[in-house]
Amino acid sequence: MGRLGAPHGLEGFLRFQSFSGEYGHIIKLKNAALRSGNSQIMAEIESVKILGNLALIKISGYDSPEQARKLAGMELWADRKHASALAENQYYYADLVSCLIVSKGNTLAQVVAVCDGAGSALLEVRKTQGGSAYIPFRKEFVDEPDLKAGTIELIAPWILE
């Protein structure tokens, strides 16, 4: 859902940066997983404050800036039912991972990750012939994903050469 930032104030609140850019969906959140690398902490969310474009989250048991600082940089994960609503032609990165990259009925690769790039998201793919590559997630290179079929049509197959 987002990343915890630096402490704010004296009560253990942390700044929260939403990956969707929206904050309304976290107000009712009570429990979440906090992840960093291979470590995970299950957390109870004590309070959420929205102050304009700033969201603050208070995690139970972290009652001072010094304690809260231990959580800075961790990602906050929760059930999808708590995620922000998607507009048409929007996708969660998690929905794109494992999609097959196809061109004219031939499977060329599989999405293993989605990364933020300068101009667009990048699909990190494992090619069926071996090796990996990045495909810009842009209409010049791919069609709209068919999430029901688990495929993404590659318009520019030369990009995998």
# chains A, B, ... in the order shown; residues from 1 in each chain; ligands from 1
$ residues_around --residues "range 59-61 of chain A" --least-positions-apart "2" --cutoff "7 Å" --atoms "only C-alpha atoms" --output "PyMOL selection string"
chain A and resi 43-46+57+63
$ write_last_selection --atoms "N, CA and C atoms" --output "CSV table (one decimal), in the first residue's frame"
chain,number,residue,atom,x,y,z
A,43,ALA,N,1.6,-5.8,12.4
A,43,ALA,CA,1.4,-4.6,13.1
A,43,ALA,C,-0.1,-4.2,13.3
A,44,GLU,N,-0.4,-3.7,14.5
A,44,GLU,CA,-1.7,-3.1,14.7
A,44,GLU,C,-1.6,-1.6,14.5
A,45,ILE,N,-2.5,-1.1,13.7
A,45,ILE,CA,-2.5,0.4,13.5
A,45,ILE,C,-3.4,1.0,14.5
A,46,GLU,N,-2.8,1.9,15.3
A,46,GLU,CA,-3.5,2.5,16.4
A,46,GLU,C,-4.3,3.7,15.9
A,57,ILE,N,0.7,7.7,10.3
A,57,ILE,CA,0.3,6.4,10.9
A,57,ILE,C,1.0,6.2,12.2
A,63,ASP,N,5.8,4.2,20.6
A,63,ASP,CA,5.2,5.4,21.2
A,63,ASP,C,6.1,6.6,21.3
$ residues_around --residues "range 150-153 of chain A" --least-positions-apart "3" --cutoff "8 Å" --atoms "only C-alpha atoms" --output "list of chain:residue names"
A:Leu96, A:Ser98, A:Cys99, A:Leu100, A:Ile101, A:Val102, A:Ser103, A:Lys104, A:Val142, A:Asp143, A:Glu144, A:Pro145, A:Asp146, A:Leu147
$ residues_around --residues "Ile27 in chain A" --least-positions-apart "6" --cutoff "9 Å" --atoms "only C-alpha atoms" --output "VMD selection string"
chain A and resid 47 to 50
$ write_last_selection --atoms "N, CA and C atoms" --output "JSON list (two decimals), in the first residue's frame"
[["chain", "number", "residue", "atom", "x", "y", "z"],
["A", 47, "SER", "N", -3.69, 4.48, 14.94],
["A", 47, "SER", "CA", -4.32, 5.72, 14.48],
["A", 47, "SER", "C", -3.78, 6.11, 13.11],
["A", 48, "VAL", "N", -4.64, 6.76, 12.33],
["A", 48, "VAL", "CA", -4.26, 7.33, 11.04],
["A", 48, "VAL", "C", -4.79, 8.75, 10.99],
["A", 49, "LYS", "N", -3.93, 9.68, 10.61],
["A", 49, "LYS", "CA", -4.33, 11.08, 10.45],
["A", 49, "LYS", "C", -4.01, 11.51, 9.03],
["A", 50, "ILE", "N", -4.96, 12.17, 8.40],
["A", 50, "ILE", "CA", -4.74, 12.73, 7.07],
["A", 50, "ILE", "C", -4.67, 14.24, 7.23]]
$ residues_around --residues "range 1-17 of chain A" --least-positions-apart "6" --cutoff "10 Å" --atoms "only C-alpha atoms" --output "number ranges by chain"
A: 23, 25-26, 32, 34-36, 46-50, 53-80, 82-84
$ write_last_selection --atoms "N, CA and C atoms" --output "CSV table (one decimal), in the first residue's frame"
chain,number,residue,atom,x,y,z
A,23,TYR,N,-5.0,8.5,-0.1
A,23,TYR,CA,-4.9,8.2,1.3
A,23,TYR,C,-6.2,7.8,2.0
A,25,HIS,N,-8.2,5.4,1.7
A,25,HIS,CA,-8.4,3.9,1.9
A,25,HIS,C,-7.7,3.4,3.1
A,26,ILE,N,-6.8,4.1,3.7
A,26,ILE,CA,-6.1,3.6,4.8
A,26,ILE,C,-6.7,4.0,6.2
A,32,ALA,N,-1.9,-4.6,9.6
A,32,ALA,CA,-1.1,-4.7,8.3
A,32,ALA,C,0.2,-5.4,8.6
A,34,LEU,N,4.2,-5.2,8.0
A,34,LEU,CA,5.3,-4.3,7.6
A,34,LEU,C,6.4,-5.1,7.1
A,35,ARG,N,6.9,-4.8,5.9
A,35,ARG,CA,7.9,-5.6,5.3
A,35,ARG,C,9.1,-4.8,4.9
A,36,SER,N,10.3,-5.4,5.0
A,36,SER,CA,11.5,-4.9,4.6
A,36,SER,C,12.4,-6.0,4.2
A,46,GLU,N,-2.8,1.9,15.3
A,46,GLU,CA,-3.5,2.5,16.4
A,46,GLU,C,-4.3,3.7,15.9
A,47,SER,N,-3.7,4.5,14.9
A,47,SER,CA,-4.3,5.7,14.5
A,47,SER,C,-3.8,6.1,13.1
A,48,VAL,N,-4.6,6.8,12.3
A,48,VAL,CA,-4.3,7.3,11.0
A,48,VAL,C,-4.8,8.8,11.0
A,49,LYS,N,-3.9,9.7,10.6
A,49,LYS,CA,-4.3,11.1,10.5
A,49,LYS,C,-4.0,11.5,9.0
A,50,ILE,N,-5.0,12.2,8.4
A,50,ILE,CA,-4.7,12.7,7.1
A,50,ILE,C,-4.7,14.2,7.2
A,53,ASN,N,-2.1,16.6,2.0
A,53,ASN,CA,-1.4,15.6,1.2
A,53,ASN,C,-0.5,14.8,2.1
A,54,LEU,N,-0.6,14.8,3.4
A,54,LEU,CA,0.3,14.1,4.3
A,54,LEU,C,-0.5,13.1,5.1
A,55,ALA,N,-0.1,11.9,5.1
A,55,ALA,CA,-0.8,10.9,6.0
A,55,ALA,C,0.2,10.5,7.1
A,56,LEU,N,-0.3,10.3,8.3
A,56,LEU,CA,0.5,9.9,9.4
A,56,LEU,C,-0.1,8.6,10.0
A,57,ILE,N,0.7,7.7,10.3
A,57,ILE,CA,0.3,6.4,10.9
A,57,ILE,C,1.0,6.2,12.2
A,58,LYS,N,0.2,5.7,13.2
A,58,LYS,CA,0.7,5.3,14.5
A,58,LYS,C,0.6,3.8,14.6
A,59,ILE,N,1.7,3.2,14.8
A,59,ILE,CA,1.7,1.7,15.0
A,59,ILE,C,1.7,1.4,16.5
A,60,SER,N,0.9,0.6,17.0
A,60,SER,CA,0.8,0.2,18.4
A,60,SER,C,2.2,-0.3,18.9
A,61,GLY,N,2.6,0.2,20.1
A,61,GLY,CA,3.8,-0.2,20.7
A,61,GLY,C,5.0,0.6,20.3
A,62,TYR,N,4.8,1.5,19.4
A,62,TYR,CA,5.9,2.5,19.0
A,62,TYR,C,5.5,3.8,19.4
A,63,ASP,N,5.8,4.2,20.6
A,63,ASP,CA,5.2,5.4,21.2
A,63,ASP,C,6.1,6.6,21.3
A,64,SER,N,7.2,6.6,20.7
A,64,SER,CA,8.2,7.7,20.6
A,64,SER,C,8.8,7.8,19.3
A,65,PRO,N,9.3,8.9,18.9
A,65,PRO,CA,10.0,9.0,17.6
A,65,PRO,C,11.2,8.1,17.5
A,66,GLU,N,11.9,7.8,18.6
A,66,GLU,CA,13.0,6.9,18.6
A,66,GLU,C,12.6,5.5,18.3
A,67,GLN,N,11.5,5.0,18.9
A,67,GLN,CA,11.0,3.7,18.6
A,67,GLN,C,10.4,3.6,17.2
A,68,ALA,N,9.6,4.6,16.8
A,68,ALA,CA,9.0,4.6,15.5
A,68,ALA,C,10.0,4.6,14.4
A,69,ARG,N,11.2,5.3,14.6
A,69,ARG,CA,12.2,5.4,13.6
A,69,ARG,C,12.7,4.0,13.1
A,70,LYS,N,12.6,3.0,14.0
A,70,LYS,CA,12.9,1.6,13.6
A,70,LYS,C,12.1,1.0,12.4
A,71,LEU,N,10.9,1.6,12.2
A,71,LEU,CA,10.0,1.2,11.2
A,71,LEU,C,10.1,2.0,9.9
A,72,ALA,N,10.9,3.1,9.9
A,72,ALA,CA,11.0,3.9,8.8
A,72,ALA,C,11.6,3.1,7.6
A,73,GLY,N,11.0,3.3,6.4
A,73,GLY,CA,11.5,2.6,5.2
A,73,GLY,C,10.8,1.3,5.0
A,74,MET,N,10.0,0.8,5.9
A,74,MET,CA,9.3,-0.4,5.7
A,74,MET,C,8.0,-0.2,4.8
A,75,GLU,N,7.7,-1.2,4.1
A,75,GLU,CA,6.5,-1.2,3.3
A,75,GLU,C,5.3,-1.7,4.1
A,76,LEU,N,4.2,-1.1,3.9
A,76,LEU,CA,2.9,-1.5,4.6
A,76,LEU,C,2.1,-2.3,3.6
A,77,TRP,N,1.8,-3.5,3.9
A,77,TRP,CA,1.0,-4.4,3.1
A,77,TRP,C,-0.3,-4.8,3.8
A,78,ALA,N,-1.4,-4.9,3.1
A,78,ALA,CA,-2.7,-5.2,3.7
A,78,ALA,C,-3.5,-6.0,2.6
A,79,ASP,N,-4.6,-6.6,3.1
A,79,ASP,CA,-5.5,-7.3,2.1
A,79,ASP,C,-5.9,-6.3,1.0
A,80,ARG,N,-6.2,-6.9,-0.1
A,80,ARG,CA,-6.6,-6.1,-1.3
A,80,ARG,C,-7.9,-5.3,-1.0
A,82,HIS,N,-8.6,-3.5,1.2
A,82,HIS,CA,-8.2,-2.2,1.8
A,82,HIS,C,-7.5,-1.3,0.8
A,83,ALA,N,-7.3,-1.8,-0.4
A,83,ALA,CA,-6.5,-1.0,-1.4
A,83,ALA,C,-7.4,0.1,-2.0
A,84,SER,N,-6.8,1.1,-2.5
A,84,SER,CA,-7.6,2.2,-3.2
A,84,SER,C,-8.3,1.6,-4.4
$ closest_residue --among "A:Ser120, A:Arg138, A:Ile159, A:Lys28" --to "Lys81 in chain A" --atoms "only C-alpha atoms"
A:Lys28
$ closest_residue --among "A:Val97, A:Leu86, A:Glu140, A:Lys148" --to "Glu124 in chain A" --atoms "only C-alpha atoms"
A:Val97
$ atom_distance --atom1 "CA of Phe141 in chain A" --atom2 "CA of Cys115 in chain A"
15.8 Å
$ atom_distance --atom1 "CA of Gln90 in chain A" --atom2 "CA of Ile155 in chain A"
19.0 Å
$ atom_distance --atom1 "CA of Val125 in chain A" --atom2 "CA of Ser20 in chain A"
23.2 Å
$ select_by_dssp --residues "range 12-154 of chain A" --states "helix (DSSP H, G or I)" --output "list in words"
Gly24, His25, Ile26, Pro65, Glu66, Gln67, Ala68, Arg69, Lys70, Leu71, Arg80, Lys81, His82, Tyr93, Ala94, Asp95 and Leu96 of chain A
$ write_last_selection --atoms "C-alpha atoms" --output "PDB file, in the first residue's frame"
ATOM      1  CA  GLY A  24      -8.601   7.735   2.076  1.00  0.00           C
ATOM      2  CA  HIS A  25      -8.446   3.941   1.883  1.00  0.00           C
ATOM      3  CA  ILE A  26      -6.055   3.626   4.846  1.00  0.00           C
ATOM      4  CA  PRO A  65      10.003   9.040  17.615  1.00  0.00           C
ATOM      5  CA  GLU A  66      13.006   6.918  18.573  1.00  0.00           C
ATOM      6  CA  GLN A  67      10.954   3.705  18.621  1.00  0.00           C
ATOM      7  CA  ALA A  68       9.005   4.609  15.463  1.00  0.00           C
ATOM      8  CA  ARG A  69      12.228   5.367  13.558  1.00  0.00           C
ATOM      9  CA  LYS A  70      12.945   1.587  13.609  1.00  0.00           C
ATOM     10  CA  LEU A  71      10.010   1.160  11.178  1.00  0.00           C
ATOM     11  CA  ARG A  80      -6.594  -6.058  -1.279  1.00  0.00           C
ATOM     12  CA  LYS A  81     -10.007  -5.115   0.116  1.00  0.00           C
ATOM     13  CA  HIS A  82      -8.235  -2.184   1.818  1.00  0.00           C
ATOM     14  CA  TYR A  93       1.606  -4.285 -10.160  1.00  0.00           C
ATOM     15  CA  ALA A  94       0.852  -7.566  -8.405  1.00  0.00           C
ATOM     16  CA  ASP A  95      -1.790  -8.339 -11.079  1.00  0.00           C
ATOM     17  CA  LEU A  96       0.787  -8.015 -13.851  1.00  0.00           C
TER      18      LEU A  96
END
$ closest_residue --among "A:Leu160, A:Asn106, A:Ala118, A:Leu29" --to "Ser132 in chain A" --atoms "only C-alpha atoms"
A:Leu160
$ select_by_dssp --residues "range 30-152 of chain A" --states "strand (DSSP E or B)" --output "count of residues only"
59
